[in-house]
Amino acid sequence: MDHSRYFEFFCPVKLLVGESAIEQLPAAMAALGAERPLLITDKGIRASGLADKVYDILGAGALVALAIEDEVPPDSSTQVVERIAERYRRLGCDSLIALGGGSVIDTAKAVNILVSMGEENDLLAWSGADLLTRPLRPLAVLPTTAGTGSEVTLVAVIRDEKSGRKVPFTSPFLIPNLAVLDPRLTLSLPLPITAATAMDAMTHAIESLIGNSANPVSQGLALMAVEKIARALPAILDKPDDAELRLALAEGATLAGMAFSNSMVGLVHALGHSLGARCHLPHGLCMNLFLPRVLEYNRPGIDPALTRLLLALTDAEHYAGTPPSERPRAAIAALCKLRDLLWERVKLPRTLREAGLTDQSLLGEIRDLAINDGALLFNRKDADREELLALLERCW
């Protein structure tokens with residue numbers, strides 16, 4: 001695959017990885033000068049006992065969080081962020097720890113904007129790209145789903161309470177300082193959510209591999225991410241309590257996050273964002289649904305990348321036994337085989353109909369949203385309104 005003569009790669013996150021990673025967090029936070037963190041999580045994680053477990057581990061390591069903030073909804077908003085920022089200031093905190101999935105992590109990033117950039121609770125003043133002008137307060141992220149990669153990305157998305165629209169915030173200063181990957185953080189994740197979030201990470205990796213902004217560093221990370229997820233995900237369906245498999249999925253999600261944060265995503269995300277917004281379906285489900293069809297659409301321009309993808313998705317024997325001309329198609333077939341397994345075992349939808357859609361007239365609305373999604377700019381092949389609608393119909 002051809003690359004431009006110039007590219008940039010930036011990911012300054014310190015990773016704490018392994019079965020005792022949480023215990024290393026107090027010292028790592030202290031090295032950043034943090035003494036009084038606010039622990040942000042959600043009701044579900046608090047009810048599971050995981051938040052209190054992390055709180056106790058922090059205390060044993062002499063870093064006692066000043067409070068646990070668990071009022072974070074699945075679809076966080078500007079009002080939530082502003083309320084938590086006020087509590088942070090009231091308690092006299094000096095740092096943040098995010099324990100949760102994408103909504104919790106994005107909330108913590110947005111809170112960090114407000115508590116670091118000034119006393120005014122006007123989050124939308126910082127929306128858009130590269131408006132932050134200085135480093136923010138120390139932020140550590142403990143992801144409880146192996147999917148979003150938000151622990152290593154420079155993006156946060158928050159819903160504006162007044163308009164209802166999703167507002168993006170993008171800046172290198174939003175990248176967390178620390179990310180903790182510990183299998184104890186995801187052991188209790190139900191298998192359907194495990195599958196959906198893993199396919200989210202799989203899509204991050206593959207779209208960063210095939211897109212217009214792919215570079216050698218992001219491609220290397222993406223291929224390793226695919227290999228880890230492809231090996232661990234089928235096995236974890238039979239061994240959900242296996243710490244080694246859980247850690248492999250977490251590592252895969254983080255590697256994919258590093259990759260796509262530097263090379264962006266493409267048409268799968270443009271369609272997935274639009275389907276999720278219109279029909280309120282989980283993001284990972286949408287990624288799983290569109291991925292193979294978009295890869296077929298992008299051929300043959302992505303065939304060299306698909307050839308490399310086949311080895312990561314399968315093994316050396318399967319790769320060597322496949323004629324070179326058939327390897328791109330075999331890579332897509334391997335993905336479809338994985339999706340069939342996930343449908344059989346946890347009912348992760350492969351089509352719009354399996355996802356519960358019954359009205360095909362919605363496809364035009366989804367198309368109209370997708371045509372304006374910025375992810376299209378990084379897709380290897382252009383797509384106009386007719387092509388998008390035809391693609392959606394093939395996914396029905």
# chains A, B, ... in the order shown; residues from 1 in each chain; ligands from 1
call {"tool": "select_by_dssp", "arguments": {"residues": "segment 78-271 of chain A", "states": "alpha helix (DSSP H)", "output": "MDAnalysis selection string"}}
result
chainID A and resid 78:91 102:117 191:210 216:236 243:263 267:271
call {"tool": "closest_atom_pairs", "arguments": {"of": "segment 238-320 of chain A", "to": "segment 135-145 of chain A", "cutoff": "10 Å", "atoms": "only C-alpha atoms", "output": "Markdown table"}}
result
| residue | atom | partner | partner_atom | distance |
| --- | --- | --- | --- | --- |
| A:Arg246 | CA | A:Thr145 | CA | 9.8 |
| A:Leu249 | CA | A:Thr145 | CA | 9.1 |
| A:Ala250 | CA | A:Thr145 | CA | 7.6 |
| A:Ala253 | CA | A:Thr145 | CA | 8.8 |
| A:Thr254 | CA | A:Pro143 | CA | 9.6 |
call {"tool": "write_last_selection", "arguments": {"atoms": "N, CA and C atoms", "output": "PDB file, in the first residue's frame"}}
result
ATOM      1  N   ARG A 246      -9.343 -12.144  28.670  1.00  0.00           N
ATOM      2  CA  ARG A 246      -9.876 -10.793  28.920  1.00  0.00           C
ATOM      3  C   ARG A 246      -8.794  -9.734  28.702  1.00  0.00           C
ATOM      4  N   LEU A 249      -8.123  -9.154  24.947  1.00  0.00           N
ATOM      5  CA  LEU A 249      -9.117  -8.274  24.324  1.00  0.00           C
ATOM      6  C   LEU A 249      -8.863  -6.817  24.690  1.00  0.00           C
ATOM      7  N   ALA A 250      -8.524  -6.570  25.962  1.00  0.00           N
ATOM      8  CA  ALA A 250      -8.246  -5.197  26.387  1.00  0.00           C
ATOM      9  C   ALA A 250      -7.029  -4.638  25.653  1.00  0.00           C
ATOM     10  N   ALA A 253      -8.045  -3.773  22.080  1.00  0.00           N
ATOM     11  CA  ALA A 253      -8.814  -2.533  21.984  1.00  0.00           C
ATOM     12  C   ALA A 253      -7.915  -1.314  22.100  1.00  0.00           C
ATOM     13  N   THR A 254      -6.934  -1.383  22.990  1.00  0.00           N
ATOM     14  CA  THR A 254      -6.023  -0.252  23.167  1.00  0.00           C
ATOM     15  C   THR A 254      -5.118  -0.076  21.963  1.00  0.00           C
TER      16      THR A 254
END
call {"tool": "atom_distance", "arguments": {"atom1": "atom CA of Arg329 of chain A", "atom2": "atom CA of Ser208 of chain A"}}
result
18.9 Å
call {"tool": "residues_around", "arguments": {"residues": "Met202 of chain A", "least_positions_apart": "2", "cutoff": "9 Å", "atoms": "only C-alpha atoms", "output": "PDB file with all heavy atoms, in the first residue's frame"}}
result
ATOM      1  N   GLY A 147     -13.204  -2.117  23.926  1.00  0.00           N
ATOM      2  CA  GLY A 147     -13.805  -1.757  22.654  1.00  0.00           C
ATOM      3  C   GLY A 147     -13.509  -0.355  22.158  1.00  0.00           C
ATOM      4  O   GLY A 147     -12.984  -0.168  21.074  1.00  0.00           O
ATOM      5  N   THR A 197     -18.438  -4.902  21.857  1.00  0.00           N
ATOM      6  CA  THR A 197     -17.333  -3.964  22.047  1.00  0.00           C
ATOM      7  C   THR A 197     -16.065  -4.471  21.376  1.00  0.00           C
ATOM      8  O   THR A 197     -15.270  -3.680  20.841  1.00  0.00           O
ATOM      9  CB  THR A 197     -17.085  -3.701  23.538  1.00  0.00           C
ATOM     10  OG1 THR A 197     -16.911  -4.938  24.235  1.00  0.00           O
ATOM     11  CG2 THR A 197     -18.252  -2.956  24.159  1.00  0.00           C
ATOM     12  N   ALA A 198     -15.869  -5.781  21.362  1.00  0.00           N
ATOM     13  CA  ALA A 198     -14.700  -6.332  20.668  1.00  0.00           C
ATOM     14  C   ALA A 198     -14.779  -6.075  19.164  1.00  0.00           C
ATOM     15  O   ALA A 198     -13.761  -5.773  18.517  1.00  0.00           O
ATOM     16  CB  ALA A 198     -14.572  -7.822  20.936  1.00  0.00           C
ATOM     17  N   MET A 199     -15.986  -6.167  18.594  1.00  0.00           N
ATOM     18  CA  MET A 199     -16.127  -5.883  17.166  1.00  0.00           C
ATOM     19  C   MET A 199     -16.007  -4.389  16.874  1.00  0.00           C
ATOM     20  O   MET A 199     -15.634  -3.997  15.761  1.00  0.00           O
ATOM     21  CB  MET A 199     -17.445  -6.445  16.647  1.00  0.00           C
ATOM     22  CG  MET A 199     -17.485  -7.979  16.616  1.00  0.00           C
ATOM     23  SD  MET A 199     -16.080  -8.716  15.736  1.00  0.00           S
ATOM     24  CE  MET A 199     -16.424  -8.196  14.045  1.00  0.00           C
ATOM     25  N   ASP A 200     -16.298  -3.555  17.849  1.00  0.00           N
ATOM     26  CA  ASP A 200     -16.000  -2.130  17.730  1.00  0.00           C
ATOM     27  C   ASP A 200     -14.496  -1.937  17.580  1.00  0.00           C
ATOM     28  O   ASP A 200     -14.017  -1.248  16.670  1.00  0.00           O
ATOM     29  CB  ASP A 200     -16.526  -1.406  18.970  1.00  0.00           C
ATOM     30  CG  ASP A 200     -16.343   0.097  18.912  1.00  0.00           C
ATOM     31  OD1 ASP A 200     -16.051   0.637  17.832  1.00  0.00           O
ATOM     32  OD2 ASP A 200     -16.503   0.747  19.966  1.00  0.00           O
ATOM     33  N   HIS A 204     -12.207  -0.515  14.448  1.00  0.00           N
ATOM     34  CA  HIS A 204     -11.197   0.541  14.570  1.00  0.00           C
ATOM     35  C   HIS A 204      -9.899   0.104  13.904  1.00  0.00           C
ATOM     36  O   HIS A 204      -9.283   0.856  13.140  1.00  0.00           O
ATOM     37  CB  HIS A 204     -10.904   0.826  16.053  1.00  0.00           C
ATOM     38  CG  HIS A 204     -12.013   1.492  16.780  1.00  0.00           C
ATOM     39  ND1 HIS A 204     -12.185   1.373  18.138  1.00  0.00           N
ATOM     40  CD2 HIS A 204     -13.024   2.287  16.348  1.00  0.00           C
ATOM     41  CE1 HIS A 204     -13.246   2.060  18.511  1.00  0.00           C
ATOM     42  NE2 HIS A 204     -13.767   2.619  17.439  1.00  0.00           N
ATOM     43  N   ALA A 205      -9.474  -1.122  14.201  1.00  0.00           N
ATOM     44  CA  ALA A 205      -8.211  -1.610  13.672  1.00  0.00           C
ATOM     45  C   ALA A 205      -8.256  -1.735  12.151  1.00  0.00           C
ATOM     46  O   ALA A 205      -7.337  -1.274  11.442  1.00  0.00           O
ATOM     47  CB  ALA A 205      -7.867  -2.953  14.308  1.00  0.00           C
ATOM     48  N   ILE A 206      -9.313  -2.333  11.639  1.00  0.00           N
ATOM     49  CA  ILE A 206      -9.373  -2.590  10.199  1.00  0.00           C
ATOM     50  C   ILE A 206      -9.528  -1.290   9.418  1.00  0.00           C
ATOM     51  O   ILE A 206      -8.872  -1.100   8.378  1.00  0.00           O
ATOM     52  CB  ILE A 206     -10.519  -3.577   9.887  1.00  0.00           C
ATOM     53  CG1 ILE A 206     -10.174  -4.962  10.452  1.00  0.00           C
ATOM     54  CG2 ILE A 206     -10.763  -3.666   8.381  1.00  0.00           C
ATOM     55  CD1 ILE A 206     -11.279  -5.982  10.312  1.00  0.00           C
ATOM     56  N   GLU A 207     -10.345  -0.370   9.890  1.00  0.00           N
ATOM     57  CA  GLU A 207     -10.502   0.891   9.158  1.00  0.00           C
ATOM     58  C   GLU A 207      -9.224   1.726   9.212  1.00  0.00           C
ATOM     59  O   GLU A 207      -8.916   2.451   8.257  1.00  0.00           O
ATOM     60  CB  GLU A 207     -11.700   1.678   9.691  1.00  0.00           C
ATOM     61  CG  GLU A 207     -13.027   1.046   9.321  1.00  0.00           C
ATOM     62  CD  GLU A 207     -14.115   2.061   9.056  1.00  0.00           C
ATOM     63  OE1 GLU A 207     -14.580   2.681  10.037  1.00  0.00           O
ATOM     64  OE2 GLU A 207     -14.514   2.222   7.884  1.00  0.00           O
ATOM     65  N   ALA A 222      -2.508  -1.865  14.187  1.00  0.00           N
ATOM     66  CA  ALA A 222      -3.810  -2.399  13.769  1.00  0.00           C
ATOM     67  C   ALA A 222      -3.754  -3.900  13.543  1.00  0.00           C
ATOM     68  O   ALA A 222      -4.652  -4.643  13.966  1.00  0.00           O
ATOM     69  CB  ALA A 222      -4.276  -1.683  12.503  1.00  0.00           C
ATOM     70  N   ALA A 225      -3.627  -5.659  16.793  1.00  0.00           N
ATOM     71  CA  ALA A 225      -4.938  -5.583  17.439  1.00  0.00           C
ATOM     72  C   ALA A 225      -5.885  -6.632  16.864  1.00  0.00           C
ATOM     73  O   ALA A 225      -6.576  -7.345  17.597  1.00  0.00           O
ATOM     74  CB  ALA A 225      -5.533  -4.183  17.265  1.00  0.00           C
ATOM     75  N   VAL A 226      -5.926  -6.744  15.533  1.00  0.00           N
ATOM     76  CA  VAL A 226      -6.791  -7.739  14.888  1.00  0.00           C
ATOM     77  C   VAL A 226      -6.407  -9.143  15.335  1.00  0.00           C
ATOM     78  O   VAL A 226      -7.275  -9.967  15.656  1.00  0.00           O
ATOM     79  CB  VAL A 226      -6.697  -7.623  13.352  1.00  0.00           C
ATOM     80  CG1 VAL A 226      -7.396  -8.806  12.680  1.00  0.00           C
ATOM     81  CG2 VAL A 226      -7.310  -6.309  12.875  1.00  0.00           C
ATOM     82  N   ILE A 229      -7.628  -9.801  18.963  1.00  0.00           N
ATOM     83  CA  ILE A 229      -9.087  -9.914  19.067  1.00  0.00           C
ATOM     84  C   ILE A 229      -9.573 -11.192  18.384  1.00  0.00           C
ATOM     85  O   ILE A 229     -10.434 -11.909  18.918  1.00  0.00           O
ATOM     86  CB  ILE A 229      -9.756  -8.668  18.447  1.00  0.00           C
ATOM     87  CG1 ILE A 229      -9.368  -7.416  19.242  1.00  0.00           C
ATOM     88  CG2 ILE A 229     -11.280  -8.830  18.435  1.00  0.00           C
ATOM     89  CD1 ILE A 229      -9.680  -6.117  18.525  1.00  0.00           C
ATOM     90  N   ALA A 230      -9.039 -11.486  17.215  1.00  0.00           N
ATOM     91  CA  ALA A 230      -9.480 -12.674  16.468  1.00  0.00           C
ATOM     92  C   ALA A 230      -9.167 -13.962  17.222  1.00  0.00           C
ATOM     93  O   ALA A 230      -9.911 -14.943  17.120  1.00  0.00           O
ATOM     94  CB  ALA A 230      -8.819 -12.699  15.094  1.00  0.00           C
ATOM     95  N   GLY A 252      -5.986  -5.599  22.714  1.00  0.00           N
ATOM     96  CA  GLY A 252      -6.390  -5.386  21.331  1.00  0.00           C
ATOM     97  C   GLY A 252      -7.138  -4.082  21.142  1.00  0.00           C
ATOM     98  O   GLY A 252      -6.904  -3.345  20.177  1.00  0.00           O
ATOM     99  N   ALA A 253      -8.045  -3.773  22.080  1.00  0.00           N
ATOM    100  CA  ALA A 253      -8.814  -2.533  21.984  1.00  0.00           C
ATOM    101  C   ALA A 253      -7.915  -1.314  22.100  1.00  0.00           C
ATOM    102  O   ALA A 253      -8.100  -0.314  21.397  1.00  0.00           O
ATOM    103  CB  ALA A 253      -9.890  -2.504  23.065  1.00  0.00           C
ATOM    104  N   ALA A 256      -5.848  -0.914  18.930  1.00  0.00           N
ATOM    105  CA  ALA A 256      -6.715  -0.362  17.883  1.00  0.00           C
ATOM    106  C   ALA A 256      -6.977   1.118  18.114  1.00  0.00           C
ATOM    107  O   ALA A 256      -7.032   1.906  17.164  1.00  0.00           O
ATOM    108  CB  ALA A 256      -8.030  -1.137  17.835  1.00  0.00           C
ATOM    109  N   MET A 287     -21.099  -1.380  14.141  1.00  0.00           N
ATOM    110  CA  MET A 287     -19.827  -1.690  13.474  1.00  0.00           C
ATOM    111  C   MET A 287     -19.843  -3.110  12.923  1.00  0.00           C
ATOM    112  O   MET A 287     -19.453  -3.357  11.770  1.00  0.00           O
ATOM    113  CB  MET A 287     -18.663  -1.537  14.457  1.00  0.00           C
ATOM    114  CG  MET A 287     -18.467  -0.142  15.040  1.00  0.00           C
ATOM    115  SD  MET A 287     -18.060   1.115  13.804  1.00  0.00           S
ATOM    116  CE  MET A 287     -19.680   1.831  13.500  1.00  0.00           C
ATOM    117  N   ASN A 288     -20.271  -4.053  13.733  1.00  0.00           N
ATOM    118  CA  ASN A 288     -20.320  -5.450  13.325  1.00  0.00           C
ATOM    119  C   ASN A 288     -21.228  -5.642  12.106  1.00  0.00           C
ATOM    120  O   ASN A 288     -20.931  -6.424  11.201  1.00  0.00           O
ATOM    121  CB  ASN A 288     -20.821  -6.301  14.493  1.00  0.00           C
ATOM    122  CG  ASN A 288     -20.881  -7.775  14.163  1.00  0.00           C
ATOM    123  OD1 ASN A 288     -19.858  -8.428  14.005  1.00  0.00           O
ATOM    124  ND2 ASN A 288     -22.088  -8.310  14.068  1.00  0.00           N
TER     125      ASN A 288
END
call {"tool": "closest_residue", "arguments": {"among": "A:Asp56, A:Ala375, A:Lys43, A:Leu50", "to": "Val104 of chain A", "atoms": "only C-alpha atoms"}}
result
A:Lys43
call {"tool": "residues_around", "arguments": {"residues": "segment 8-24 of chain A", "least_positions_apart": "5", "cutoff": "9 Å", "atoms": "only C-alpha atoms", "output": "VMD selection string"}}
result
chain A and resid 29 54 57 to 58 60 to 61 142 151 to 154 172 175 to 184 215 217 to 218 243 to 244 247 251 258 to 259 261 to 263
call {"tool": "select_by_dssp", "arguments": {"residues": "segment 18-202 of chain A", "states": "strand (DSSP E)", "output": "short mmCIF file (atom, residue, chain, number, x, y, z; two decimals) with all heavy atoms, in the first residue's frame"}}
result
data_model
loop_
_atom_site.label_atom_id
_atom_site.label_comp_id
_atom_site.auth_asym_id
_atom_site.auth_seq_id
_atom_site.Cartn_x
_atom_site.Cartn_y
_atom_site.Cartn_z
N PRO A 37 -7.62 12.80 43.78
CA PRO A 37 -8.41 12.53 42.58
C PRO A 37 -9.91 12.41 42.86
O PRO A 37 -10.32 12.07 43.98
CB PRO A 37 -7.86 11.20 42.09
CG PRO A 37 -7.42 10.51 43.34
CD PRO A 37 -6.88 11.60 44.24
N LEU A 38 -10.70 12.66 41.84
CA LEU A 38 -12.13 12.35 41.84
C LEU A 38 -12.31 11.13 40.97
O LEU A 38 -11.86 11.11 39.81
CB LEU A 38 -12.93 13.52 41.27
CG LEU A 38 -14.45 13.29 41.10
CD1 LEU A 38 -15.12 13.05 42.44
CD2 LEU A 38 -15.10 14.47 40.37
N LEU A 39 -12.94 10.09 41.50
CA LEU A 39 -13.18 8.85 40.76
C LEU A 39 -14.54 8.93 40.10
O LEU A 39 -15.57 9.01 40.78
CB LEU A 39 -13.10 7.65 41.71
CG LEU A 39 -13.41 6.27 41.12
CD1 LEU A 39 -12.46 5.93 39.98
CD2 LEU A 39 -13.35 5.20 42.21
N ILE A 40 -14.58 8.91 38.77
CA ILE A 40 -15.82 9.02 38.01
C ILE A 40 -16.17 7.64 37.45
O ILE A 40 -15.34 6.98 36.82
CB ILE A 40 -15.67 10.04 36.86
CG1 ILE A 40 -15.35 11.43 37.42
CG2 ILE A 40 -16.94 10.09 36.03
CD1 ILE A 40 -15.15 12.49 36.36
N ALA A 67 -13.83 11.35 46.40
CA ALA A 67 -15.23 10.94 46.27
C ALA A 67 -15.36 10.02 45.08
O ALA A 67 -14.49 9.98 44.20
CB ALA A 67 -16.13 12.17 46.09
N ILE A 68 -16.47 9.25 45.06
CA ILE A 68 -16.84 8.46 43.89
C ILE A 68 -18.06 9.12 43.28
O ILE A 68 -19.11 9.23 43.91
CB ILE A 68 -17.16 7.01 44.27
CG1 ILE A 68 -15.94 6.32 44.89
CG2 ILE A 68 -17.62 6.24 43.03
CD1 ILE A 68 -16.21 4.90 45.34
N GLU A 69 -17.93 9.58 42.06
CA GLU A 69 -19.03 10.21 41.32
C GLU A 69 -19.61 9.18 40.36
O GLU A 69 -18.96 8.78 39.40
CB GLU A 69 -18.51 11.42 40.55
CG GLU A 69 -19.50 12.01 39.55
CD GLU A 69 -20.80 12.42 40.19
OE1 GLU A 69 -20.76 13.29 41.09
OE2 GLU A 69 -21.85 11.87 39.78
N SER A 95 -7.10 15.99 40.30
CA SER A 95 -6.90 15.01 39.24
C SER A 95 -8.16 14.18 39.07
O SER A 95 -9.10 14.30 39.88
CB SER A 95 -5.70 14.10 39.56
OG SER A 95 -5.84 13.55 40.86
N LEU A 96 -8.18 13.34 38.03
CA LEU A 96 -9.36 12.55 37.71
C LEU A 96 -8.99 11.10 37.42
O LEU A 96 -7.92 10.84 36.84
CB LEU A 96 -10.08 13.13 36.49
CG LEU A 96 -10.73 14.50 36.66
CD1 LEU A 96 -10.88 15.17 35.30
CD2 LEU A 96 -12.09 14.35 37.32
N ILE A 97 -9.87 10.19 37.84
CA ILE A 97 -9.75 8.78 37.47
C ILE A 97 -11.09 8.36 36.87
O ILE A 97 -12.14 8.53 37.51
CB ILE A 97 -9.43 7.90 38.68
CG1 ILE A 97 -8.07 8.29 39.29
CG2 ILE A 97 -9.42 6.42 38.29
CD1 ILE A 97 -7.75 7.56 40.58
N ALA A 98 -11.08 7.85 35.65
CA ALA A 98 -12.30 7.40 34.98
C ALA A 98 -12.34 5.88 34.99
O ALA A 98 -11.41 5.23 34.49
CB ALA A 98 -12.35 7.92 33.55
N LEU A 99 -13.40 5.33 35.56
CA LEU A 99 -13.59 3.89 35.63
C LEU A 99 -14.89 3.55 34.91
O LEU A 99 -15.98 3.77 35.43
CB LEU A 99 -13.67 3.44 37.09
CG LEU A 99 -14.04 1.98 37.35
CD1 LEU A 99 -12.98 1.03 36.84
CD2 LEU A 99 -14.31 1.75 38.84
N GLY A 100 -14.79 3.05 33.68
CA GLY A 100 -16.02 2.76 32.94
C GLY A 100 -15.79 2.59 31.46
O GLY A 100 -14.66 2.42 30.99
N GLY A 128 -15.01 21.36 19.12
CA GLY A 128 -14.28 21.45 17.87
C GLY A 128 -12.88 20.89 18.03
O GLY A 128 -12.61 20.10 18.92
N ALA A 129 -12.00 21.31 17.13
CA ALA A 129 -10.65 20.74 17.09
C ALA A 129 -9.60 21.75 17.53
O ALA A 129 -9.62 22.91 17.10
CB ALA A 129 -10.34 20.24 15.69
N LEU A 139 -5.11 12.72 34.33
CA LEU A 139 -6.27 11.87 34.10
C LEU A 139 -5.80 10.44 33.88
O LEU A 139 -4.98 10.17 33.00
CB LEU A 139 -7.06 12.35 32.88
CG LEU A 139 -8.14 11.40 32.33
CD1 LEU A 139 -9.24 11.18 33.38
CD2 LEU A 139 -8.75 11.95 31.04
N ALA A 140 -6.33 9.53 34.69
CA ALA A 140 -6.09 8.10 34.50
C ALA A 140 -7.40 7.44 34.10
O ALA A 140 -8.47 7.79 34.61
CB ALA A 140 -5.57 7.47 35.79
N VAL A 141 -7.32 6.49 33.17
CA VAL A 141 -8.51 5.81 32.66
C VAL A 141 -8.39 4.31 32.90
O VAL A 141 -7.37 3.70 32.56
CB VAL A 141 -8.71 6.11 31.17
CG1 VAL A 141 -9.81 5.24 30.59
CG2 VAL A 141 -9.02 7.58 30.95
N LEU A 142 -9.44 3.74 33.48
CA LEU A 142 -9.55 2.30 33.69
C LEU A 142 -10.74 1.80 32.88
O LEU A 142 -11.88 1.83 33.35
CB LEU A 142 -9.74 1.96 35.17
CG LEU A 142 -8.56 2.16 36.12
CD1 LEU A 142 -8.27 3.64 36.37
CD2 LEU A 142 -8.83 1.49 37.47
N PRO A 143 -10.53 1.37 31.63
CA PRO A 143 -11.66 0.96 30.78
C PRO A 143 -12.25 -0.36 31.25
O PRO A 143 -11.53 -1.33 31.50
CB PRO A 143 -11.03 0.84 29.39
CG PRO A 143 -9.59 0.60 29.65
CD PRO A 143 -9.25 1.31 30.92
N VAL A 155 -10.11 12.31 21.55
CA VAL A 155 -11.47 12.74 21.23
C VAL A 155 -12.41 12.47 22.40
O VAL A 155 -12.26 11.47 23.12
CB VAL A 155 -12.00 12.00 19.98
CG1 VAL A 155 -13.44 12.37 19.68
CG2 VAL A 155 -11.12 12.29 18.78
N ALA A 156 -13.37 13.35 22.60
CA ALA A 156 -14.50 13.12 23.49
C ALA A 156 -15.76 13.60 22.76
O ALA A 156 -15.71 14.58 22.02
CB ALA A 156 -14.35 13.85 24.81
N VAL A 157 -16.87 12.92 22.98
CA VAL A 157 -18.15 13.31 22.37
C VAL A 157 -19.17 13.42 23.49
O VAL A 157 -19.39 12.46 24.24
CB VAL A 157 -18.62 12.31 21.31
CG1 VAL A 157 -19.97 12.74 20.74
CG2 VAL A 157 -17.59 12.18 20.20
N ILE A 158 -19.80 14.58 23.59
CA ILE A 158 -20.77 14.86 24.64
C ILE A 158 -22.05 15.42 24.02
O ILE A 158 -21.99 16.27 23.12
CB ILE A 158 -20.21 15.87 25.66
CG1 ILE A 158 -18.94 15.33 26.32
CG2 ILE A 158 -21.25 16.22 26.72
CD1 ILE A 158 -19.14 14.14 27.23
N ARG A 159 -23.19 14.97 24.51
CA ARG A 159 -24.47 15.47 24.00
C ARG A 159 -24.79 16.85 24.59
O ARG A 159 -24.72 17.05 25.80
CB ARG A 159 -25.59 14.49 24.35
CG ARG A 159 -26.99 14.92 23.88
CD ARG A 159 -28.00 13.81 24.08
NE ARG A 159 -28.02 13.35 25.45
CZ ARG A 159 -28.74 13.93 26.43
NH1 ARG A 159 -29.50 14.99 26.17
NH2 ARG A 159 -28.72 13.44 27.66
N LYS A 166 -24.82 15.63 19.24
CA LYS A 166 -23.55 15.13 19.79
C LYS A 166 -22.44 16.10 19.39
O LYS A 166 -22.25 16.38 18.20
CB LYS A 166 -23.25 13.73 19.26
CG LYS A 166 -24.30 12.67 19.63
CD LYS A 166 -24.22 12.33 21.10
CE LYS A 166 -25.14 11.17 21.45
NZ LYS A 166 -24.65 9.88 20.98
N VAL A 167 -21.71 16.59 20.37
CA VAL A 167 -20.68 17.60 20.13
C VAL A 167 -19.29 16.98 20.33
O VAL A 167 -19.00 16.43 21.38
CB VAL A 167 -20.85 18.80 21.08
CG1 VAL A 167 -19.78 19.85 20.81
CG2 VAL A 167 -22.24 19.40 20.95
N PRO A 168 -18.42 17.06 19.31
CA PRO A 168 -17.08 16.50 19.45
C PRO A 168 -16.09 17.51 20.02
O PRO A 168 -16.17 18.72 19.77
CB PRO A 168 -16.71 16.14 18.00
CG PRO A 168 -17.44 17.17 17.19
CD PRO A 168 -18.71 17.51 17.94
N PHE A 169 -15.14 17.00 20.76
CA PHE A 169 -14.02 17.77 21.29
C PHE A 169 -12.76 17.01 20.91
O PHE A 169 -12.63 15.83 21.22
CB PHE A 169 -14.11 17.91 22.81
CG PHE A 169 -15.36 18.58 23.30
CD1 PHE A 169 -16.55 17.88 23.40
CD2 PHE A 169 -15.35 19.93 23.64
CE1 PHE A 169 -17.71 18.49 23.84
CE2 PHE A 169 -16.51 20.56 24.08
CZ PHE A 169 -17.69 19.84 24.17
N THR A 170 -11.83 17.68 20.25
CA THR A 170 -10.63 17.00 19.76
C THR A 170 -9.40 17.84 20.07
O THR A 170 -9.34 19.02 19.71
CB THR A 170 -10.70 16.78 18.24
OG1 THR A 170 -11.91 16.08 17.93
CG2 THR A 170 -9.52 15.98 17.75
N LEU A 178 -2.63 8.25 31.81
CA LEU A 178 -2.44 6.86 32.19
C LEU A 178 -3.63 6.03 31.73
O LEU A 178 -4.76 6.50 31.77
CB LEU A 178 -2.31 6.73 33.71
CG LEU A 178 -1.19 7.50 34.41
CD1 LEU A 178 -1.42 7.48 35.92
CD2 LEU A 178 0.17 6.90 34.06
N ALA A 179 -3.37 4.80 31.31
CA ALA A 179 -4.43 3.85 31.00
C ALA A 179 -4.09 2.54 31.69
O ALA A 179 -2.98 2.03 31.58
CB ALA A 179 -4.55 3.63 29.50
N VAL A 180 -5.07 2.00 32.43
CA VAL A 180 -4.88 0.78 33.20
C VAL A 180 -5.63 -0.35 32.51
O VAL A 180 -6.86 -0.29 32.37
CB VAL A 180 -5.38 0.95 34.65
CG1 VAL A 180 -5.20 -0.35 35.43
CG2 VAL A 180 -4.64 2.10 35.33
N LEU A 181 -4.92 -1.37 32.09
CA LEU A 181 -5.53 -2.55 31.48
C LEU A 181 -5.32 -3.72 32.44
O LEU A 181 -4.21 -4.25 32.55
CB LEU A 181 -4.90 -2.86 30.12
CG LEU A 181 -4.85 -1.72 29.11
CD1 LEU A 181 -4.28 -2.23 27.78
CD2 LEU A 181 -6.22 -1.11 28.90
#
call {"tool": "closest_residue", "arguments": {"among": "A:Leu63, A:Ile84, A:Ala370, A:Gly49", "to": "Ala34 of chain A", "atoms": "only C-alpha atoms"}}
result
A:Leu63
call {"tool": "closest_residue", "arguments": {"among": "A:Asp340, A:Asp382, A:Asp94, A:Glu393", "to": "Leu363 of chain A", "atoms": "only C-alpha atoms"}}
result
A:Glu393
call {"tool": "residues_around", "arguments": {"residues": "Gly118 of chain A", "least_positions_apart": "5", "cutoff": "12 Å", "atoms": "only C-alpha atoms", "output": "PyMOL selection string"}}
result
chain A and resi 85-86+89+111-113+123+125-126+132-134+136-137
call {"tool": "residues_around", "arguments": {"residues": "Gly301 of chain A", "least_positions_apart": "2", "cutoff": "8 Å", "atoms": "only C-alpha atoms", "output": "list in words"}}
result
Asn298, Arg299, Asp303, Pro304, Arg380 and Lys381 of chain A
call {"tool": "closest_residue", "arguments": {"among": "A:His280, A:Leu313, A:His318, A:Asn372", "to": "Leu357 of chain A", "atoms": "only C-alpha atoms"}}
result
A:His280
call {"tool": "closest_residue", "arguments": {"among": "A:Thr351, A:Ala277, A:Val346, A:Leu267", "to": "Ile366 of chain A", "atoms": "only C-alpha atoms"}}
result
A:Ala277
call {"tool": "atom_distance", "arguments": {"atom1": "atom CA of Thr194 of chain A", "atom2": "atom CA of Thr358 of chain A"}}
result
26.1 Å
